[in-house]
Amino acid sequence: MPKAPKHRYSKKVRALGYGIILLQIATVALLFLAVYSNVRTVYSLGSSLTSLTGNGLSVQNVTSNGQIQRAYVLPKITNNGYLTVSLSVNAAFLNSQGQTVGNPLSQSLTIAPGQTRPLVLPTGFAASSDVSGIQGVRLSVEINSIFGLVGGGFTATVIF
Amino acid sequence: MFRYVKAVFSAIPPILFLVIIPQLLLVRFPQLVQSGQTILGQYTNINVTSFITGLNVIGIALAVLSAVQSWAYKWSIVNPVSSSLRMMVSFVLMLYIIGLGNASTLGVTRLNIVVGAKLGIQFNLTLTFLTVMVGTAVTLKIIQKTMKWREDVGFHRLDLQAEAQASQPLPMSPNPRPA
């Protein structure tokens, strides 16, 4: 019995197949780059925190007017990856009832690959008496890239 | 006969990895699972038993669809339908695993860790990019499968015509030559 001739799919179908393969390769490559950039920046953030702990926490920031404000400053956050990374930090001090004391601290910044930027969190405390009622802190850190489609973060609530 | 063998073999991987091995873990190492559940249940919101049950359900669905796809002829409508459904269920499996048992998070892992009354951490991992790209790839694959099926139907018609022509008896000559 003669063997049936082998049929070939049209160019459109084959082109779509190659397109899907390219899309999958691009997905894996971009995902790797995004995760790599995020992890490197988080590592830098951790290193920055470690150096602050070693040298004493910086609680003041010199503004462009030359004034000194009470602020937490993380001086060197570097993006050693290949994609731009957005970093956002929110912190709120809590009293014994779990309510926010003072203004919540909030700051976000975008770091291009190879760039180093500081993160300044103005405390909003006018006097040291504001600090007396603080019983805990809620800290929220978000880091992402590719328009927020790849990233991660954590929210930690610590009661002193 | 070959189609049935192929169907059985194609159902083996999902049954093995998503049903048998997780169930073996539950049955053979209940203490391990129990202690894991105790630790996980104490500090996080994960339920190991319901997670494995979900995996089993998805595994059985994938096995059935794989078997049906392998059994069906390429030109049959059953082939693209089962293939498309299998791709969708695989996509749901990915979301289910990323979401730690909750596929509706659409690629976001949410983990609540509570350590005593002093520290509570809510951790999240956003893989929406992966979800969007895999979703796009699945959609394109379904479109490609449909296009392939339409062409397969045409090929099947051509094969049938060729077979019909080959099976027809040769025409007899009206004026046979004298020997």
# chains A, B, ... in the order shown; residues from 1 in each chain; ligands from 1
call {"tool": "interface_residues", "arguments": {"of": "chain A", "to": "chain B", "cutoff": "6 Å", "atoms": "only C-alpha atoms", "output": "JSON, numbers by chain"}}
result
{"A": [149, 150, 151, 152, 153, 154, 155, 156, 157, 158, 159]}
call {"tool": "write_last_selection", "arguments": {"atoms": "C-alpha atoms", "output": "mmCIF file, in the first residue's frame"}}
result
data_model
loop_
_atom_site.group_PDB
_atom_site.id
_atom_site.type_symbol
_atom_site.label_atom_id
_atom_site.label_comp_id
_atom_site.auth_asym_id
_atom_site.auth_seq_id
_atom_site.Cartn_x
_atom_site.Cartn_y
_atom_site.Cartn_z
ATOM 1 C CA LEU A 149 4.505 43.260 36.765
ATOM 2 C CA VAL A 150 7.461 41.549 38.443
ATOM 3 C CA GLY A 151 8.379 42.205 42.010
ATOM 4 C CA GLY A 152 7.666 41.537 45.585
ATOM 5 C CA GLY A 153 7.475 43.007 48.978
ATOM 6 C CA PHE A 154 6.645 42.538 52.566
ATOM 7 C CA THR A 155 4.691 44.229 55.292
ATOM 8 C CA ALA A 156 5.962 43.640 58.791
ATOM 9 C CA THR A 157 4.310 44.740 61.999
ATOM 10 C CA VAL A 158 6.571 44.759 65.013
ATOM 11 C CA ILE A 159 5.254 45.428 68.510
#
call {"tool": "residues_around", "arguments": {"residues": "Ser44 of chain A", "least_positions_apart": "5", "cutoff": "9 Å", "atoms": "only C-alpha atoms", "output": "PyMOL selection string"}}
result
chain A and resi 39+49+76-80
call {"tool": "write_last_selection", "arguments": {"atoms": "C-alpha atoms", "output": "PDB file, in the first residue's frame"}}
result
ATOM      1  CA  VAL A  39      17.258  40.811  44.053  1.00  0.00           C
ATOM      2  CA  LEU A  49      20.695  49.023  56.382  1.00  0.00           C
ATOM      3  CA  LYS A  76      23.322  54.006  49.239  1.00  0.00           C
ATOM      4  CA  ILE A  77      20.762  51.943  47.389  1.00  0.00           C
ATOM      5  CA  THR A  78      22.269  50.692  44.151  1.00  0.00           C
ATOM      6  CA  ASN A  79      20.627  48.908  41.243  1.00  0.00           C
ATOM      7  CA  ASN A  80      23.312  46.528  39.979  1.00  0.00           C
TER       8      ASN A  80
END
call {"tool": "residues_around", "arguments": {"residues": "segment 64-74 of chain B", "least_positions_apart": "4", "cutoff": "7 Å", "atoms": "only C-alpha atoms", "output": "list in words"}}
result
Arg3, Tyr4, Lys6, Ala7, Val8, Ser10, Ala11, Ile60, Val78, Asn79, Ser82, Ser83, Arg86, Trp149 and Asp152 of chain B
call {"tool": "closest_residue", "arguments": {"among": "A:Asn90, A:Ser96, A:Thr116, A:Gln107", "to": "Leu139 of chain A", "atoms": "only C-alpha atoms"}}
result
A:Asn90
call {"tool": "residues_around", "arguments": {"residues": "Tyr96 of chain B", "least_positions_apart": "3", "cutoff": "10 Å", "atoms": "only C-alpha atoms", "output": "list in words"}}
result
Phe51, Gly54, Leu55, Ile58, Ser90, Phe91, Val92, Leu93, Gly99, Leu100, Gly101, Asn102, Ala103, Ser104, Thr105, Leu106, Gly107 and Thr109 of chain B
call {"tool": "select_by_dssp", "arguments": {"residues": "segment 23-170 of chain B", "states": "strand (DSSP E)", "output": "list in words"}}
result
Val108, Thr109, Arg110, Leu111, Asn112, Ile113, Val114, Val115, Leu119, Gly120, Ile121, Gln122, Phe123, Asn124, Leu125, Thr126 and Leu127 of chain B
call {"tool": "write_last_selection", "arguments": {"atoms": "N, CA and C atoms", "output": "PDB file, in the first residue's frame"}}
result
ATOM      1  N   VAL B 108       0.161  36.151  41.963  1.00  0.00           N
ATOM      2  CA  VAL B 108       0.744  36.809  43.139  1.00  0.00           C
ATOM      3  C   VAL B 108       0.751  35.815  44.304  1.00  0.00           C
ATOM      4  N   THR B 109       1.946  35.591  44.855  1.00  0.00           N
ATOM      5  CA  THR B 109       2.062  34.716  46.021  1.00  0.00           C
ATOM      6  C   THR B 109       1.858  35.565  47.267  1.00  0.00           C
ATOM      7  N   ARG B 110       0.903  35.189  48.090  1.00  0.00           N
ATOM      8  CA  ARG B 110       0.674  35.925  49.337  1.00  0.00           C
ATOM      9  C   ARG B 110       0.888  34.975  50.508  1.00  0.00           C
ATOM     10  N   LEU B 111       1.737  35.371  51.389  1.00  0.00           N
ATOM     11  CA  LEU B 111       2.073  34.525  52.526  1.00  0.00           C
ATOM     12  C   LEU B 111       2.016  35.355  53.801  1.00  0.00           C
ATOM     13  N   ASN B 112       1.187  34.937  54.707  1.00  0.00           N
ATOM     14  CA  ASN B 112       1.119  35.620  55.999  1.00  0.00           C
ATOM     15  C   ASN B 112       1.890  34.805  57.022  1.00  0.00           C
ATOM     16  N   ILE B 113       2.879  35.420  57.609  1.00  0.00           N
ATOM     17  CA  ILE B 113       3.677  34.723  58.618  1.00  0.00           C
ATOM     18  C   ILE B 113       3.477  35.461  59.945  1.00  0.00           C
ATOM     19  N   VAL B 114       3.031  34.732  60.921  1.00  0.00           N
ATOM     20  CA  VAL B 114       2.819  35.330  62.244  1.00  0.00           C
ATOM     21  C   VAL B 114       3.719  34.608  63.246  1.00  0.00           C
ATOM     22  N   VAL B 115       4.628  35.349  63.841  1.00  0.00           N
ATOM     23  CA  VAL B 115       5.523  34.762  64.841  1.00  0.00           C
ATOM     24  C   VAL B 115       5.150  35.368  66.194  1.00  0.00           C
ATOM     25  N   LEU B 119       5.427  39.862  66.170  1.00  0.00           N
ATOM     26  CA  LEU B 119       5.844  40.112  64.782  1.00  0.00           C
ATOM     27  C   LEU B 119       4.893  39.442  63.788  1.00  0.00           C
ATOM     28  N   GLY B 120       4.401  40.222  62.865  1.00  0.00           N
ATOM     29  CA  GLY B 120       3.571  39.690  61.785  1.00  0.00           C
ATOM     30  C   GLY B 120       4.125  40.157  60.456  1.00  0.00           C
ATOM     31  N   ILE B 121       4.370  39.220  59.541  1.00  0.00           N
ATOM     32  CA  ILE B 121       4.929  39.598  58.232  1.00  0.00           C
ATOM     33  C   ILE B 121       3.994  39.116  57.142  1.00  0.00           C
ATOM     34  N   GLN B 122       3.663  40.014  56.240  1.00  0.00           N
ATOM     35  CA  GLN B 122       2.882  39.636  55.061  1.00  0.00           C
ATOM     36  C   GLN B 122       3.808  39.766  53.868  1.00  0.00           C
ATOM     37  N   PHE B 123       4.107  38.631  53.274  1.00  0.00           N
ATOM     38  CA  PHE B 123       5.059  38.605  52.170  1.00  0.00           C
ATOM     39  C   PHE B 123       4.306  38.414  50.864  1.00  0.00           C
ATOM     40  N   ASN B 124       4.711  39.132  49.837  1.00  0.00           N
ATOM     41  CA  ASN B 124       4.086  38.890  48.525  1.00  0.00           C
ATOM     42  C   ASN B 124       5.125  38.889  47.423  1.00  0.00           C
ATOM     43  N   LEU B 125       4.882  38.030  46.447  1.00  0.00           N
ATOM     44  CA  LEU B 125       5.762  37.921  45.280  1.00  0.00           C
ATOM     45  C   LEU B 125       4.878  38.104  44.046  1.00  0.00           C
ATOM     46  N   THR B 126       5.154  39.157  43.293  1.00  0.00           N
ATOM     47  CA  THR B 126       4.305  39.461  42.135  1.00  0.00           C
ATOM     48  C   THR B 126       4.924  38.887  40.866  1.00  0.00           C
ATOM     49  N   LEU B 127       4.213  37.950  40.256  1.00  0.00           N
ATOM     50  CA  LEU B 127       4.664  37.383  38.979  1.00  0.00           C
ATOM     51  C   LEU B 127       3.574  37.600  37.918  1.00  0.00           C
TER      52      LEU B 127
END
call {"tool": "atom_distance", "arguments": {"atom1": "atom CA of Leu121 of chain A", "atom2": "atom CA of Ile146 of chain A"}}
result
24.8 Å
call {"tool": "closest_residue", "arguments": {"among": "B:Val27, B:Val153, B:Leu160, B:Ile142", "to": "Ser76 of chain B", "atoms": "only C-alpha atoms"}}
result
B:Val153
call {"tool": "atom_distance", "arguments": {"atom1": "atom CA of Gly102 of chain A", "atom2": "atom CA of Val42 of chain A"}}
result
27.5 Å
call {"tool": "residues_around", "arguments": {"residues": "Leu109 of chain A", "least_positions_apart": "6", "cutoff": "9 Å", "atoms": "only C-alpha atoms", "output": "compact mmCIF listing (two decimals) with C-alpha atoms, in the first residue's frame"}}
result
# COMPACT_ATOMS: atom_id res chain seq x y z
CA VAL A 85 13.65 49.11 39.57
CA SER A 86 11.03 50.98 41.59
CA LEU A 87 11.28 50.92 45.34
CA SER A 88 8.63 52.09 47.75
CA VAL A 89 8.84 52.19 51.53
CA ARG A 117 20.31 56.82 45.16
CA PRO A 118 19.50 57.56 48.78
CA LEU A 119 16.11 56.95 50.33
call {"tool": "atom_distance", "arguments": {"atom1": "atom CA of Pro30 of chain B", "atom2": "atom CA of Leu16 of chain B"}}
result
18.9 Å
